[in-house]
Structure formats: structure tokens, C-alpha cells
$ cat protein_36.txt   # compact mmCIF, C-alpha atoms and all ligand atoms
# COMPACT_ATOMS: atom_id res chain seq x y z
CA MET A 345 1.47 49.50 57.48
CA HIS A 346 -2.02 50.97 57.60
CA GLY A 347 -4.85 51.15 60.09
CA THR A 348 -5.29 51.90 63.77
CA VAL A 349 -3.43 50.73 66.87
CA GLU A 350 -4.49 51.22 70.49
CA ILE A 351 -1.74 52.13 72.95
CA SER A 352 -1.45 50.16 76.21
CA GLY A 353 -0.81 51.52 79.68
CA SER A 354 2.75 52.55 80.50
CA LYS A 355 5.05 49.83 81.90
CA ASN A 356 7.35 52.40 83.52
CA ALA A 357 4.44 54.18 85.21
CA ALA A 358 2.68 50.95 86.25
CA LEU A 359 5.63 49.32 88.05
CA PRO A 360 6.21 52.03 90.73
CA ILE A 361 2.44 52.59 91.05
CA MET A 362 1.94 48.87 91.74
CA ALA A 363 4.66 49.09 94.42
CA ALA A 364 3.06 52.21 95.93
CA ALA A 365 -0.01 50.15 96.87
CA LEU A 366 2.25 48.65 99.59
CA LEU A 367 2.07 52.01 101.41
CA THR A 368 -1.50 51.37 102.66
CA ASP A 369 -3.30 48.50 104.39
CA GLU A 370 -6.41 49.32 102.38
CA PRO A 371 -7.40 47.93 98.94
CA CYS A 372 -6.23 49.69 95.74
CA VAL A 373 -7.50 49.31 92.17
CA ILE A 374 -5.18 50.27 89.29
CA ARG A 375 -6.49 50.25 85.74
CA ARG A 376 -4.81 50.07 82.34
CA VAL A 377 -1.91 47.99 83.72
CA PRO A 378 -0.31 46.37 80.63
CA ASP A 379 -0.13 42.56 80.58
CA LEU A 380 3.64 42.09 80.37
CA SER A 381 6.16 39.70 81.93
CA ASP A 382 7.43 42.64 84.03
CA THR A 383 4.01 43.53 85.47
CA ARG A 384 3.17 39.88 86.09
CA PHE A 385 6.52 39.68 87.87
CA MET A 386 5.64 42.62 90.07
CA VAL A 387 2.37 40.88 91.01
CA LYS A 388 4.45 37.90 92.19
CA ILE A 389 6.70 40.20 94.20
CA LEU A 390 3.68 41.88 95.87
CA GLN A 391 2.30 38.42 96.72
CA SER A 392 5.70 37.29 98.10
CA LEU A 393 5.58 40.29 100.46
CA GLY A 394 2.23 39.10 101.80
CA ALA A 395 -0.19 41.27 99.78
CA SER A 396 -3.13 39.84 97.86
CA ALA A 397 -2.70 40.92 94.24
CA SER A 398 -4.37 39.94 90.97
CA LEU A 399 -4.06 41.34 87.44
CA GLU A 400 -6.97 40.61 85.10
CA HIS A 401 -7.87 42.31 81.84
CA GLY A 402 -5.67 45.29 82.66
CA THR A 403 -7.06 45.84 86.14
CA LEU A 404 -4.85 45.22 89.14
CA ARG A 405 -6.43 44.69 92.57
CA VAL A 406 -3.98 44.89 95.47
CA HIS A 407 -4.62 44.66 99.19
CA ALA A 408 -1.44 44.93 101.26
CA LYS A 409 -3.21 44.39 104.57
CA LYS A 410 -0.19 42.86 106.32
CA ILE A 411 3.25 42.76 104.67
CA LYS A 412 6.84 41.86 105.49
CA GLY A 413 9.89 44.00 104.88
CA TYR A 414 11.99 41.61 102.81
CA ALA A 415 11.36 40.23 99.34
CA ASP A 416 12.42 36.97 97.79
CA TYR A 417 16.03 37.29 96.55
CA ASP A 418 15.51 35.47 93.27
CA LEU A 419 12.35 37.35 92.39
CA VAL A 420 13.77 40.84 92.89
CA ARG A 421 17.13 40.00 91.36
CA LYS A 422 15.45 39.12 88.07
CA MET A 423 13.74 42.45 87.45
CA ARG A 424 15.60 45.73 87.96
CA GLY A 425 12.38 47.72 88.17
CA SER A 426 11.53 45.94 91.41
CA ILE A 427 13.98 48.25 93.23
CA CYS A 428 10.94 50.52 93.61
CA ILE A 429 9.49 48.35 96.39
CA ALA A 430 12.27 49.60 98.69
CA GLY A 431 10.75 53.08 99.19
CA PRO A 432 7.24 51.86 100.15
CA LEU A 433 8.63 49.19 102.52
CA LEU A 434 10.91 51.70 104.24
CA GLY A 435 8.11 54.28 104.36
CA ARG A 436 5.51 51.95 105.87
CA LEU A 437 7.58 49.46 107.90
CA ARG A 438 10.70 51.55 108.49
CA LYS A 439 12.70 48.65 107.06
CA ALA A 440 13.43 47.19 103.65
CA ARG A 441 15.69 44.27 102.81
CA ILE A 442 15.90 43.45 99.10
CA SER A 443 18.47 41.95 96.76
CA LEU A 444 20.75 44.40 95.00
CA PRO A 445 19.52 44.75 91.43
CA GLY A 446 23.00 44.50 89.88
CA GLY A 447 23.88 45.81 86.42
CA CYS A 448 22.28 44.97 83.09
CA ILE A 449 23.41 44.88 79.48
CA ILE A 450 22.76 48.61 78.94
CA GLY A 451 24.87 49.80 81.86
CA ALA A 452 26.18 49.37 85.41
CA ARG A 453 23.02 51.00 86.80
CA PRO A 454 24.12 51.62 90.41
CA ILE A 455 21.54 52.61 93.09
CA ASN A 456 23.81 54.99 95.04
CA LEU A 457 21.32 57.87 94.61
CA HIS A 458 18.44 55.80 95.99
CA LEU A 459 20.57 54.94 99.03
CA LYS A 460 21.73 58.54 99.40
CA GLY A 461 18.09 59.61 99.54
CA PHE A 462 17.13 56.91 102.06
CA ALA A 463 20.07 57.91 104.28
CA ALA A 464 19.01 61.56 104.10
CA LEU A 465 15.61 60.44 105.42
CA GLY A 466 17.32 58.88 108.44
CA ALA A 467 17.78 55.29 107.31
CA LYS A 468 20.83 53.20 108.19
CA ILE A 469 22.02 51.36 105.07
CA LYS A 470 23.92 48.06 105.00
CA ILE A 471 24.98 46.13 101.91
CA GLU A 472 25.68 42.49 102.74
CA GLY A 473 25.27 39.09 101.11
CA GLY A 474 23.91 40.62 97.92
CA TYR A 475 21.21 42.41 99.86
CA VAL A 476 20.63 46.09 100.59
CA ASP A 477 19.26 46.54 104.07
CA ALA A 478 17.71 49.90 105.02
CA ARG A 479 16.31 50.50 108.50
CA ALA A 480 15.13 53.62 110.32
CA ARG A 481 13.73 54.29 113.80
CA LYS A 482 11.71 56.99 112.05
CA ILE A 483 11.61 58.67 108.64
CA VAL A 484 12.42 62.35 109.04
CA GLY A 485 11.83 64.73 106.13
CA SER A 486 14.91 66.52 104.75
CA SER A 487 16.24 68.33 101.67
CA MET A 488 18.42 66.42 99.23
CA PHE A 489 20.06 66.80 95.82
CA LEU A 490 19.36 63.65 93.79
CA GLY A 491 21.26 64.45 90.57
CA GLY A 492 23.97 61.99 89.41
CA ARG A 493 26.47 61.30 86.59
CA ALA A 494 23.74 61.25 83.98
CA GLY A 495 21.39 63.72 85.70
CA PRO A 496 18.26 62.78 87.67
CA THR A 497 17.18 59.22 88.47
CA VAL A 498 13.61 58.16 87.62
CA LEU A 499 13.11 55.26 90.03
CA GLY A 500 15.32 56.99 92.62
CA THR A 501 12.94 59.95 92.62
CA ALA A 502 10.00 57.53 92.84
CA ASN A 503 11.54 55.66 95.80
CA ILE A 504 12.22 58.81 97.82
CA MET A 505 8.74 60.21 97.12
CA MET A 506 7.21 56.96 98.41
CA ALA A 507 9.49 56.66 101.48
CA ALA A 508 8.91 60.30 102.47
CA ALA A 509 5.11 60.18 102.00
CA LEU A 510 4.70 58.57 105.46
CA GLY A 511 7.63 60.45 107.06
CA GLU A 512 7.69 63.20 109.66
CA GLY A 513 7.91 66.71 108.25
CA MET A 514 8.89 67.99 104.83
CA THR A 515 11.17 66.46 102.24
CA VAL A 516 12.48 68.45 99.28
CA ILE A 517 14.04 66.61 96.33
CA GLU A 518 16.26 68.82 94.18
CA SER A 519 17.25 67.63 90.67
CA ALA A 520 14.24 65.30 90.72
CA ALA A 521 13.33 63.36 87.56
CA CYS A 522 10.55 65.10 85.59
CA GLU A 523 9.32 62.10 83.57
CA PRO A 524 5.54 61.72 83.04
CA GLU A 525 5.81 58.40 84.89
CA VAL A 526 6.99 60.28 88.01
CA VAL A 527 3.99 62.62 87.72
CA ASP A 528 1.62 59.66 87.30
CA LEU A 529 3.01 58.07 90.47
CA ALA A 530 2.66 61.36 92.37
CA ASN A 531 -0.98 61.59 91.24
CA PHE A 532 -1.66 58.08 92.56
CA LEU A 533 0.06 58.90 95.89
CA ILE A 534 -1.99 62.10 96.17
CA ALA A 535 -5.14 60.04 95.53
CA MET A 536 -4.03 57.89 98.52
CA GLY A 537 -3.83 61.03 100.68
CA ALA A 538 -0.18 62.02 100.24
CA GLN A 539 0.87 65.68 100.22
CA ILE A 540 3.12 66.20 97.22
CA SER A 541 3.78 69.26 95.08
CA GLY A 542 6.09 70.01 92.17
CA ALA A 543 6.01 66.60 90.47
CA GLY A 544 7.08 67.10 86.85
CA SER A 545 9.53 69.84 87.88
CA PRO A 546 13.13 69.42 89.17
CA THR A 547 11.97 70.29 92.73
CA ILE A 548 9.46 68.00 94.44
CA THR A 549 8.15 68.69 97.96
CA ILE A 550 6.60 65.92 100.08
CA THR A 551 5.00 66.67 103.45
CA GLY A 552 4.68 63.44 105.40
CA VAL A 553 1.30 62.20 106.64
CA LYS A 554 0.47 59.64 109.35
CA LYS A 555 -1.49 57.24 107.14
CA LEU A 556 -2.40 56.66 103.50
CA HIS A 557 -5.70 55.13 102.36
CA GLY A 558 -6.76 52.95 99.44
CA ALA A 559 -7.32 54.54 96.02
CA GLU A 560 -8.22 53.92 92.40
CA HIS A 561 -6.08 55.08 89.47
CA GLU A 562 -5.73 54.72 85.71
CA VAL A 563 -2.16 54.46 84.41
CA ILE A 564 -1.06 56.88 81.64
CA PRO A 565 -0.57 55.54 78.09
CA ASP A 566 2.87 54.20 77.22
CA ARG A 567 4.80 57.00 75.49
CA ILE A 568 7.62 54.64 74.51
CA GLU A 569 5.19 52.21 72.86
CA THR A 570 3.59 55.20 71.09
CA ALA A 571 6.98 56.31 69.75
CA THR A 572 7.81 52.74 68.71
CA PHE A 573 4.65 52.41 66.58
CA ALA A 574 5.10 55.87 65.04
CA ILE A 575 8.64 54.92 64.01
CA ALA A 576 7.50 51.53 62.67
CA ALA A 577 4.90 53.25 60.49
CA ALA A 578 7.50 55.68 59.13
CA ALA A 579 10.03 52.87 58.51
CA THR A 580 7.51 51.01 56.32
CA ASN A 581 6.32 54.20 54.59
CA GLY A 582 2.85 53.48 55.94
CA GLU A 583 0.09 55.62 57.39
CA ILE A 584 -1.42 54.74 60.77
CA THR A 585 -3.56 56.17 63.54
CA ILE A 586 -2.33 55.68 67.09
CA LYS A 587 -5.23 55.72 69.54
CA GLY A 588 -5.11 56.74 73.19
CA ALA A 589 -1.70 58.47 73.01
CA ARG A 590 -0.48 61.56 74.91
CA ALA A 591 1.48 63.64 72.36
CA GLU A 592 2.50 66.12 75.06
CA HIS A 593 4.66 63.36 76.62
CA LEU A 594 6.60 62.95 73.38
CA ARG A 595 7.58 66.41 72.20
CA ALA A 596 11.28 65.66 71.69
CA VAL A 597 10.47 62.51 69.69
CA LEU A 598 7.82 64.21 67.52
CA ASP A 599 10.27 67.05 66.89
CA LYS A 600 12.95 64.63 65.64
CA LEU A 601 10.43 62.67 63.54
CA GLN A 602 9.45 65.92 61.87
CA GLU A 603 13.13 66.62 61.17
CA ALA A 604 13.35 63.17 59.56
CA ASN A 605 10.42 64.13 57.30
CA VAL A 606 7.72 62.23 59.15
CA ILE A 607 4.38 63.98 59.72
CA VAL A 608 2.66 63.38 63.04
CA GLU A 609 -0.74 65.05 63.30
CA ARG A 610 -2.61 65.28 66.58
CA ARG A 611 -6.35 64.61 66.54
CA GLY A 612 -7.46 64.68 70.16
CA THR A 613 -5.76 61.68 71.81
CA ASP A 614 -5.08 60.19 68.38
CA LEU A 615 -1.90 60.62 66.38
CA ARG A 616 -1.86 60.26 62.60
CA VAL A 617 1.58 59.27 61.33
CA LYS A 618 2.89 59.21 57.75
CA ARG A 619 6.00 60.14 55.80
CA ARG A 620 6.32 63.35 53.78
CA GLY A 621 8.37 61.62 51.04
CA LYS A 622 11.99 60.54 51.50
CA LEU A 623 13.36 60.22 55.01
CA LYS A 624 15.97 62.77 56.09
CA PRO A 625 18.93 62.27 58.48
CA ALA A 626 18.78 63.71 62.01
CA ASP A 627 21.13 64.03 64.96
CA ILE A 628 19.86 62.66 68.28
CA THR A 629 21.21 63.04 71.82
CA THR A 630 19.45 61.16 74.60
CA LEU A 631 18.72 63.25 77.69
CA PRO A 632 16.56 63.20 80.82
CA TYR A 633 12.93 64.26 80.24
CA SER A 634 11.85 66.44 78.41
CA GLY A 635 14.89 65.68 76.21
CA PHE A 636 14.96 62.77 73.72
CA PRO A 637 14.28 59.53 75.67
CA THR A 638 17.00 56.90 75.80
CA ASP A 639 14.22 54.27 75.53
CA VAL A 640 13.54 55.41 71.93
CA GLN A 641 17.19 55.66 70.84
CA ALA A 642 17.43 52.15 69.32
CA GLN A 643 14.12 52.38 67.45
CA MET A 644 15.10 55.79 66.04
CA MET A 645 18.44 54.33 64.92
CA SER A 646 16.59 51.69 62.87
CA LEU A 647 14.63 54.46 61.14
CA LEU A 648 17.71 56.58 60.46
CA THR A 649 19.51 53.66 58.78
CA LEU A 650 16.89 54.17 56.04
CA ALA A 651 17.50 57.95 55.69
CA PRO A 652 20.08 58.86 53.02
CA GLY A 653 22.92 60.83 54.65
CA ILE A 654 24.71 60.96 58.01
CA SER A 655 22.86 60.83 61.35
CA ILE A 656 24.77 61.03 64.64
CA ILE A 657 23.14 59.38 67.64
CA THR A 658 24.68 60.14 71.05
CA GLU A 659 23.67 58.13 74.13
CA ARG A 660 24.12 60.23 77.31
CA ILE A 661 22.09 58.19 79.82
CA PHE A 662 23.41 54.61 79.69
CA GLU A 663 27.03 53.77 79.04
CA SER A 664 26.51 50.66 76.87
CA ARG A 665 23.21 51.00 75.04
CA PHE A 666 24.40 50.24 71.51
CA MET A 667 24.01 46.44 71.58
CA HIS A 668 21.61 46.69 68.61
CA VAL A 669 24.29 48.22 66.34
CA SER A 670 26.01 44.95 65.45
CA GLU A 671 22.64 43.27 64.85
CA LEU A 672 21.49 46.11 62.56
CA ALA A 673 24.78 45.66 60.69
CA ARG A 674 23.73 42.05 60.02
CA LEU A 675 20.77 43.53 58.11
CA GLY A 676 23.21 45.63 56.08
CA ALA A 677 23.16 48.88 58.04
CA ASP A 678 26.33 51.03 58.01
CA ILE A 679 26.94 52.27 61.57
CA GLU A 680 30.20 53.17 63.34
CA ILE A 681 30.52 53.68 67.08
CA GLU A 682 32.74 56.56 68.27
CA GLY A 683 32.69 56.81 72.06
CA PRO A 684 29.14 57.71 73.19
CA SER A 685 28.03 58.29 69.58
CA ALA A 686 26.95 56.08 66.70
CA ILE A 687 27.50 57.48 63.20
CA VAL A 688 24.78 56.16 60.92
CA LYS A 689 25.46 56.30 57.18
CA GLY A 690 21.86 55.82 56.07
CA GLY A 691 20.04 55.08 52.84
CA LYS A 692 21.36 51.60 52.00
CA PRO A 693 18.42 49.15 51.69
CA LEU A 694 18.30 46.59 54.51
CA SER A 695 18.01 42.87 53.77
CA GLY A 696 16.49 40.31 56.13
CA ALA A 697 18.67 38.01 58.32
CA PRO A 698 18.49 36.17 61.67
CA VAL A 699 19.29 38.61 64.51
CA MET A 700 19.53 38.42 68.31
CA ALA A 701 17.69 40.73 70.72
CA SER A 702 19.85 41.86 73.66
CA ASP A 703 17.44 44.03 75.62
CA LEU A 704 13.89 45.38 75.54
CA ARG A 705 14.28 48.43 73.26
CA ALA A 706 16.94 46.82 71.07
CA SER A 707 14.44 44.04 70.31
CA ALA A 708 11.84 46.62 69.21
CA ALA A 709 14.47 48.25 66.98
CA LEU A 710 15.21 44.90 65.31
CA VAL A 711 11.52 44.25 64.66
CA ILE A 712 11.24 47.69 63.00
CA ALA A 713 14.35 47.07 60.89
CA GLY A 714 12.98 43.64 59.92
CA LEU A 715 9.72 45.23 58.74
CA ALA A 716 11.68 47.68 56.55
CA ALA A 717 14.13 45.12 55.17
CA THR A 718 13.64 43.04 52.02
CA GLY A 719 13.17 39.32 52.61
CA SER A 720 12.53 37.86 56.05
CA THR A 721 14.17 38.58 59.38
CA GLN A 722 14.10 36.29 62.41
CA VAL A 723 14.40 38.10 65.74
CA ASN A 724 15.53 35.71 68.48
CA ARG A 725 15.22 36.02 72.29
CA ILE A 726 11.97 37.97 72.08
CA TYR A 727 11.37 37.39 75.79
CA HIS A 728 13.08 40.78 75.96
CA LEU A 729 10.26 42.28 73.87
CA ASP A 730 7.52 40.69 75.98
CA ARG A 731 8.90 42.43 79.03
CA GLY A 732 7.72 45.80 77.74
CA TYR A 733 5.33 45.47 74.78
CA GLU A 734 1.81 44.04 75.13
CA ASN A 735 1.03 41.76 72.13
CA MET A 736 3.33 43.70 69.83
CA ASP A 737 3.22 41.05 67.10
CA LEU A 738 -0.61 40.96 67.10
CA LYS A 739 -0.85 44.76 67.01
CA LEU A 740 1.62 44.96 64.10
CA HIS A 741 -0.17 42.13 62.30
CA LYS A 742 -3.44 44.10 62.58
CA LEU A 743 -1.67 47.00 60.83
CA GLY A 744 -0.81 44.73 57.91
CA ALA A 745 2.68 43.63 58.96
CA ARG A 746 3.70 40.14 57.92
CA ILE A 747 4.92 39.05 61.33
CA GLN A 748 4.59 35.78 63.18
CA ARG A 749 5.66 34.47 66.59
CA VAL A 750 7.35 31.09 66.15
CA GLN A 751 8.81 28.67 68.68
CA GLU A 752 12.63 28.97 68.71
CA THR A 753 14.21 25.73 67.46
C1 LIG A 801 13.97 54.12 84.32
O1 LIG A 801 15.05 53.34 84.83
C2 LIG A 801 13.28 53.24 83.27
N1 LIG A 801 12.84 52.01 83.89
C3 LIG A 801 14.24 52.93 82.13
O2 LIG A 801 13.52 52.24 81.11
C4 LIG A 801 14.74 54.22 81.53
O3 LIG A 801 15.70 53.94 80.54
C5 LIG A 801 15.40 55.09 82.63
O4 LIG A 801 14.46 55.32 83.70
C6 LIG A 801 15.83 56.44 82.10
O5 LIG A 801 14.79 57.12 81.51
C7 LIG A 801 11.70 52.01 84.62
O6 LIG A 801 11.05 53.00 84.84
C8 LIG A 801 11.26 50.68 85.16
P1 LIG A 801 17.60 56.07 86.13
P2 LIG A 801 15.87 53.81 86.13
O7 LIG A 801 17.78 55.78 87.57
O8 LIG A 801 15.01 54.61 87.02
C9 LIG A 801 22.29 56.48 86.71
C10 LIG A 801 13.02 50.54 79.56
O9 LIG A 801 13.54 50.30 78.46
N2 LIG A 801 22.02 56.24 88.14
O10 LIG A 801 16.82 57.28 85.76
O11 LIG A 801 16.54 52.60 86.64
C11 LIG A 801 21.98 55.26 85.86
O12 LIG A 801 23.02 54.33 85.85
C12 LIG A 801 13.90 50.90 80.77
O13 LIG A 801 11.81 50.55 79.75
C13 LIG A 801 23.05 56.35 89.03
O14 LIG A 801 24.19 56.63 88.66
O15 LIG A 801 16.96 54.77 85.43
C14 LIG A 801 21.71 55.89 84.50
O16 LIG A 801 22.91 56.10 83.86
C15 LIG A 801 15.35 50.69 80.52
N3 LIG A 801 22.78 56.11 90.35
C16 LIG A 801 21.04 57.21 84.87
O17 LIG A 801 21.40 57.48 86.23
C17 LIG A 801 21.51 55.80 90.81
O18 LIG A 801 21.32 55.59 92.01
C18 LIG A 801 19.53 57.22 84.76
O19 LIG A 801 19.03 56.10 85.43
C19 LIG A 801 20.49 55.71 89.88
C20 LIG A 801 20.75 55.93 88.54
$ encode --input "protein_36.txt" --output "C-alpha cells" --more "lines below"
Ligand code: EPZ
Amino acid sequence: MHGTVEISGSKNAALPIMAAALLTDEPCVIRRVPDLSDTRFMVKILQSLGASASLEHGTLRVHAKKIKGYADYDLVRKMRGSICIAGPLLGRLRKARISLPGGCIIGARPINLHLKGFAALGAKIKIEGGYVDARARKIVGSSMFLGGRAGPTVLGTANIMMAAALGEGMTVIESAACEPEVVDLANFLIAMGAQISGAGSPTITITGVKKLHGAEHEVIPDRIETATFAIAAAATNGEITIKGARAEHLRAVLDKLQEANVIVERRGTDLRVKRRGKLKPADITTLPYSGFPTDVQAQMMSLLTLAPGISIITERIFESRFMHVSELARLGADIEIEGPSAIVKGGKPLSGAPVMASDLRASAALVIAGLAATGSTQVNRIYHLDRGYENMDLKLHKLGARIQRVQET
């Protein structure tokens, strides 16, 4: 692949920021919101709560003048990320009743840490009829430790920041998630008048205020999309420029790409990506930020199937995030799973075949493997891909990829 690709706004920053607009009865304008099935879903959820919301050409206009504290069961149940409406509803209305998100294919994904945080803020929690019901006479700031089995929780940290923003007194979150998406949310909340310090570090302090006002914000670029395109370029031995990226959000990924013999040069907010000859194996362990992101594990596995030698990929965040392994094996990859690790014996050429996407990042990994394989590959169930990548096929096509979206028969 050759040429230039423009990175879209971050899905995982946009979703909680869209929910945060529920914290004020004044209008908010959020720019660079990617056009994805997940963000369109969140617009529907905001509307079902009573807010006016519209997403056009990447700009979201929300006005949550008057809202209710419970969201449509079927809507919320379908998108895990919608759990992040709970914090704003509890913060503003002192009550939130939403359907339990339930597990997904990559793991059980409980919300015990979210509920622990809400309870620490004074909320009474009830789980009944598939709903979680949180109510509080008042939100009272308090200190809490929010670390769990796999370390901090990203949306848990987001939820507590949003619930505490309109609370009484000071809240301190220890073992907070440090992801750039958490920082972007904090910046939007601060623009609305919230008092927050320490976002991006493991200790976040929120001093409650009486009221938040409307604000404007531009969402950060999507670091996972950036990593996905860098890996796709390396897998096809191409040379591309990625525009509008934030390299500082991707240090662990760029470090591992370098180890695999891929050069990534920074030129302002552009990244120039190309291989330095043959790919080399690398060992990867997924960790909370600033470690290697779990959302890039599958894509990196596709690349390492092409690198002669042994690469060991260990998934420490989600307990079943290797669904792509059996599909990569259909393309001829040699991968063995040993507990939380996948042992990749790389270097064997891949050959095209029909494969099935199981989740968002696995589908991106299969597209990358298909681009690197001889012959043609058909990736099915790409609705997974459309949840998190804006026009991925068109962007790849513009870089010279022979890729086409076809109706499934
Ligand atoms: C966010 O999910 C992202 N989603 C995920 O991206 C990402 O994989 C994940 O963070 C980790 O980086 C969005 O931002 C919308 P967590 P989140 O709570 O917040 C356990 C993608 O591909 N845990 O940080 O739901 C949990 O089971 C998606 O774009 C508890 O045990 O993830 C997991 O093992 C997939 N109890 C770990 O913590 C809790 O209450 C990290 O989960 C909460 C989480």
C-alpha cells in the first residue's frame, strides 16, 4: 500500500464524551465524532433519554435540556459502551436505571468496579430484572481504589469522574485508568466547568460543583485506528503517511513495530510507516495504558504471522480475546494457544480463504491478513468492523488495496 490516510476521531473517546453532555441542560457541540454504528447508537440512546442529538459530518450537537433516568433496555443491552451513561445520569439526576451490559465474546466484562465506585459516592445499588438501579439522596465525594483483576477500568474511571463532577466535596480515584481517552473526557468535563486534576495519572481528584454548562470540544484522533493502518502498511510491505495521528498515544505500539523491523517516522502530526527489510518476531504482552493496548493485539498477531521465527503474544486484559487465532489458521498461519499466550510460528506465506469476524479488532486483523495473503480472502460479519472503523474499506482502497464491500449471500 502507498499514499496517505487521514485518521478519524477516537471511538473510545467519543462515546463517554457524548454521554457526558447529559450532565448539563445547556447545548454541547462535539467535533470529530467518527461516523460508526456505535456512535450512531449512542445518538439513539441520548434521544431515548429525552435529549435532542444529531450527528452530521462528524459534528455532534446535543442538548439534554430535560432527561429521564432510565434508558431503553434493548438499546443499552446492544452496546457495551453505553454503560457510560450511568455516571452522568446518577450525577445529574441522582438516579440511573439501565440494563446490565452482560458479557461479550472477548470476556465476562463485569461492572463490579463501576458499582463499587457509585456506592462509594453514596448510591444504593440494586440489580433486578436485568437492570442495574443506582439511586442516591445526594452524591458525596469520597476516596476509592478502582483497581481490579486486570488493573484499572477505563469506562469505570470515566463513570466515576462524571458522577462525582456534580457531587458534594472531593472524590479521589486511586488506580484510575490513564488512557488518553480518559484524559480527553476530563478535558471536555473541565470545559463544562468541572474541577478535575490528575487525569492521565493513576490518581484523579474531582471536586464537585453545583452546575455544569454547555461546551465545545474536538475529540482526539483514534490511536487504535492509527496502529491498525500502520500495521496494515507493514504487512503489505508498503509505505504510507498517516495524517492527523498522535504518536505520543502509541509509544508501546511504535516500540514493538520497531522491534519487528518497521520504521515509523514522526513528521509533526503525520507518521511515515515502512518496513526496514524482513519482518522480525516480537513478544507482546497486553497491559493497561501506557503498556501495549489489548485493542491492537489481534492486528499485531496478523503482522507477526509474517515474521520468520517465534513470537509470543500474551493477553492480560481480557480472558478470551483469541477468537481470531482459528480464523488466521484458515489462512495458513501457525499459532498455538497456551493459557493466556499465543505462540506464533511466523514466516509461512498466508493464502486467501473465507473467514469469519468475531469482534471488532479481530475483524481488522483478518482484513490485514487478507491483504498480506496470496489470492483472495472473504471476511464475513463485517458489521463488527463498522462498529469501530469509519469507511475502512474506502480508506484502504485509496492506499491501493484491492478491497471491496460485497453483500453477503
Ligand atoms: C474500554 O472498555 C474500551 N471500550 C475497550 O475497547 C478496551 O479494550 C478496554 O477499555 C481496555 O483498554 C471503550 O472505551 C468503549 P475496562 P472497558 O473496564 O472500559 C475488567 C474496542 O475494541 N473489569 O478497562 O469496558 C474487565 O473485565 C473495545 O474498542 C472488571 O473486572 O474495559 C477487563 O478484564 C473492546 N470489573 C479489564 O477490567 C469492572 O467493573 C479492563 O476492562 C470493569 C472492568
$ residues_near_ligand --input "protein_36.txt" --ligand "ligand LIG 801 (chain A)" --cutoff "9 Å" --atoms "all atoms listed in the file" --output "ChimeraX atom specification"
/A:355-360,382,423-428,447,450-460,490-502,521,523,525-526,568,631-633,637-640,660-663,703-706,731-732
$ closest_residue --input "protein_36.txt" --among "A:Ala478, A:Glu569, A:Met736, A:Ile449" --to "Arg665 of chain A" --atoms "all atoms listed in the file"
A:Ile449
$ closest_residue --input "protein_36.txt" --among "A:Ile351, A:Thr721, A:Leu715, A:Ser707" --to "Arg674 of chain A" --atoms "all atoms listed in the file"
A:Thr721
$ closest_residue --input "protein_36.txt" --among "A:Val406, A:Leu729, A:Met505, A:Ala520" --to "Glu560 of chain A" --atoms "only C-alpha atoms"
A:Val406
$ residues_around --input "protein_36.txt" --residues "Ile679 of chain A" --least-positions-apart "3" --cutoff "10 Å" --atoms "all atoms listed in the file" --output "VMD selection string"
chain A and resid 645 649 654 to 656 669 to 670 672 to 673 676 682 686 to 690
$ residues_around --input "protein_36.txt" --residues "Glu671 of chain A" --least-positions-apart "3" --cutoff "10 Å" --atoms "all atoms listed in the file" --output "compact mmCIF listing (two decimals) with C-alpha atoms, in the frame of the given file"
# COMPACT_ATOMS: atom_id res chain seq x y z
CA PHE A 666 24.40 50.24 71.51
CA MET A 667 24.01 46.44 71.58
CA HIS A 668 21.61 46.69 68.61
CA ARG A 674 23.73 42.05 60.02
CA LEU A 675 20.77 43.53 58.11
CA GLY A 676 23.21 45.63 56.08
CA ALA A 677 23.16 48.88 58.04
CA ALA A 697 18.67 38.01 58.32
CA PRO A 698 18.49 36.17 61.67
CA VAL A 699 19.29 38.61 64.51
CA MET A 700 19.53 38.42 68.31
CA ALA A 701 17.69 40.73 70.72
CA SER A 702 19.85 41.86 73.66
CA ALA A 706 16.94 46.82 71.07
CA SER A 707 14.44 44.04 70.31
CA ALA A 709 14.47 48.25 66.98
CA LEU A 710 15.21 44.90 65.31
CA ALA A 713 14.35 47.07 60.89
CA VAL A 723 14.40 38.10 65.74
$ residues_around --input "protein_36.txt" --residues "Leu648 of chain A" --least-positions-apart "2" --cutoff "10 Å" --atoms "all atoms listed in the file" --output "JSON, numbers by chain"
{"A": [575, 579, 601, 604, 623, 624, 625, 626, 627, 642, 643, 644, 645, 646, 650, 651, 652, 653, 654, 655, 656, 657, 677, 688, 689, 690, 691]}
$ atom_distance --input "protein_36.txt" --atom1 "atom CA of Ile374 of chain A" --atom2 "atom CA of His561 of chain A"
4.9 Å
$ atom_distance --input "protein_36.txt" --atom1 "atom CA of Gly621 of chain A" --atom2 "atom CA of Ser695 of chain A"
21.3 Å
$ closest_residue --input "protein_36.txt" --among "A:Cys522, A:Ile534, A:Ile628, A:Val349" --to "Asp599 of chain A" --atoms "all atoms listed in the file"
A:Ile628
$ closest_residue --input "protein_36.txt" --among "A:Leu367, A:Ala395, A:Met386, A:Ala708" --to "Val553 of chain A" --atoms "only C-alpha atoms"
A:Leu367
$ residues_around --input "protein_36.txt" --residues "Tyr417 of chain A" --least-positions-apart "2" --cutoff "10 Å" --atoms "only C-alpha atoms" --output "MDAnalysis selection string"
chainID A and resid 414:415 419:422 441:445 474:475
$ write_last_selection --input "protein_36.txt" --atoms "C-alpha atoms" --output "CSV table (one decimal), in the coordinates of the input"
chain,number,residue,atom,x,y,z
A,414,TYR,CA,12.0,41.6,102.8
A,415,ALA,CA,11.4,40.2,99.3
A,419,LEU,CA,12.4,37.4,92.4
A,420,VAL,CA,13.8,40.8,92.9
A,421,ARG,CA,17.1,40.0,91.4
A,422,LYS,CA,15.4,39.1,88.1
A,441,ARG,CA,15.7,44.3,102.8
A,442,ILE,CA,15.9,43.4,99.1
A,443,SER,CA,18.5,42.0,96.8
A,444,LEU,CA,20.8,44.4,95.0
A,445,PRO,CA,19.5,44.8,91.4
A,474,GLY,CA,23.9,40.6,97.9
A,475,TYR,CA,21.2,42.4,99.9
$ atom_distance --input "protein_36.txt" --atom1 "atom CA of Glu370 of chain A" --atom2 "atom CA of His401 of chain A"
21.8 Å
$ residues_around --input "protein_36.txt" --residues "Gly353 of chain A" --least-positions-apart "5" --cutoff "8 Å" --atoms "only C-alpha atoms" --output "MDAnalysis selection string"
chainID A and resid 358 376:378 563:566
$ residues_near_point --input "protein_36.txt" --point "(6.1, 47.0, 102.2)" --cutoff "9 Å" --atoms "all atoms listed in the file" --output "list in words"
Ala363, Ala364, Ala365, Leu366, Leu367, Thr368, Leu390, Leu393, Gly394, Ala395, Ala408, Lys410, Ile411, Lys412, Gly413, Tyr414, Ile429, Ala430, Gly431, Pro432, Leu433, Leu434, Gly435, Arg436, Leu437, Lys439 and Ala440 of chain A
$ axis_aligned_box --input "protein_36.txt" --around "segment 586-595 of chain A" --padding-each-side "6 Å" --output "JSON"
{"center_x": 1.2, "center_y": 61.0, "center_z": 71.9, "size_x": 24.8, "size_y": 22.7, "size_z": 21.5}
$ closest_residue --input "protein_36.txt" --among "A:Ala507, A:Glu562, A:Tyr727, A:Met488" --to "Thr403 of chain A" --atoms "all atoms listed in the file"
A:Glu562
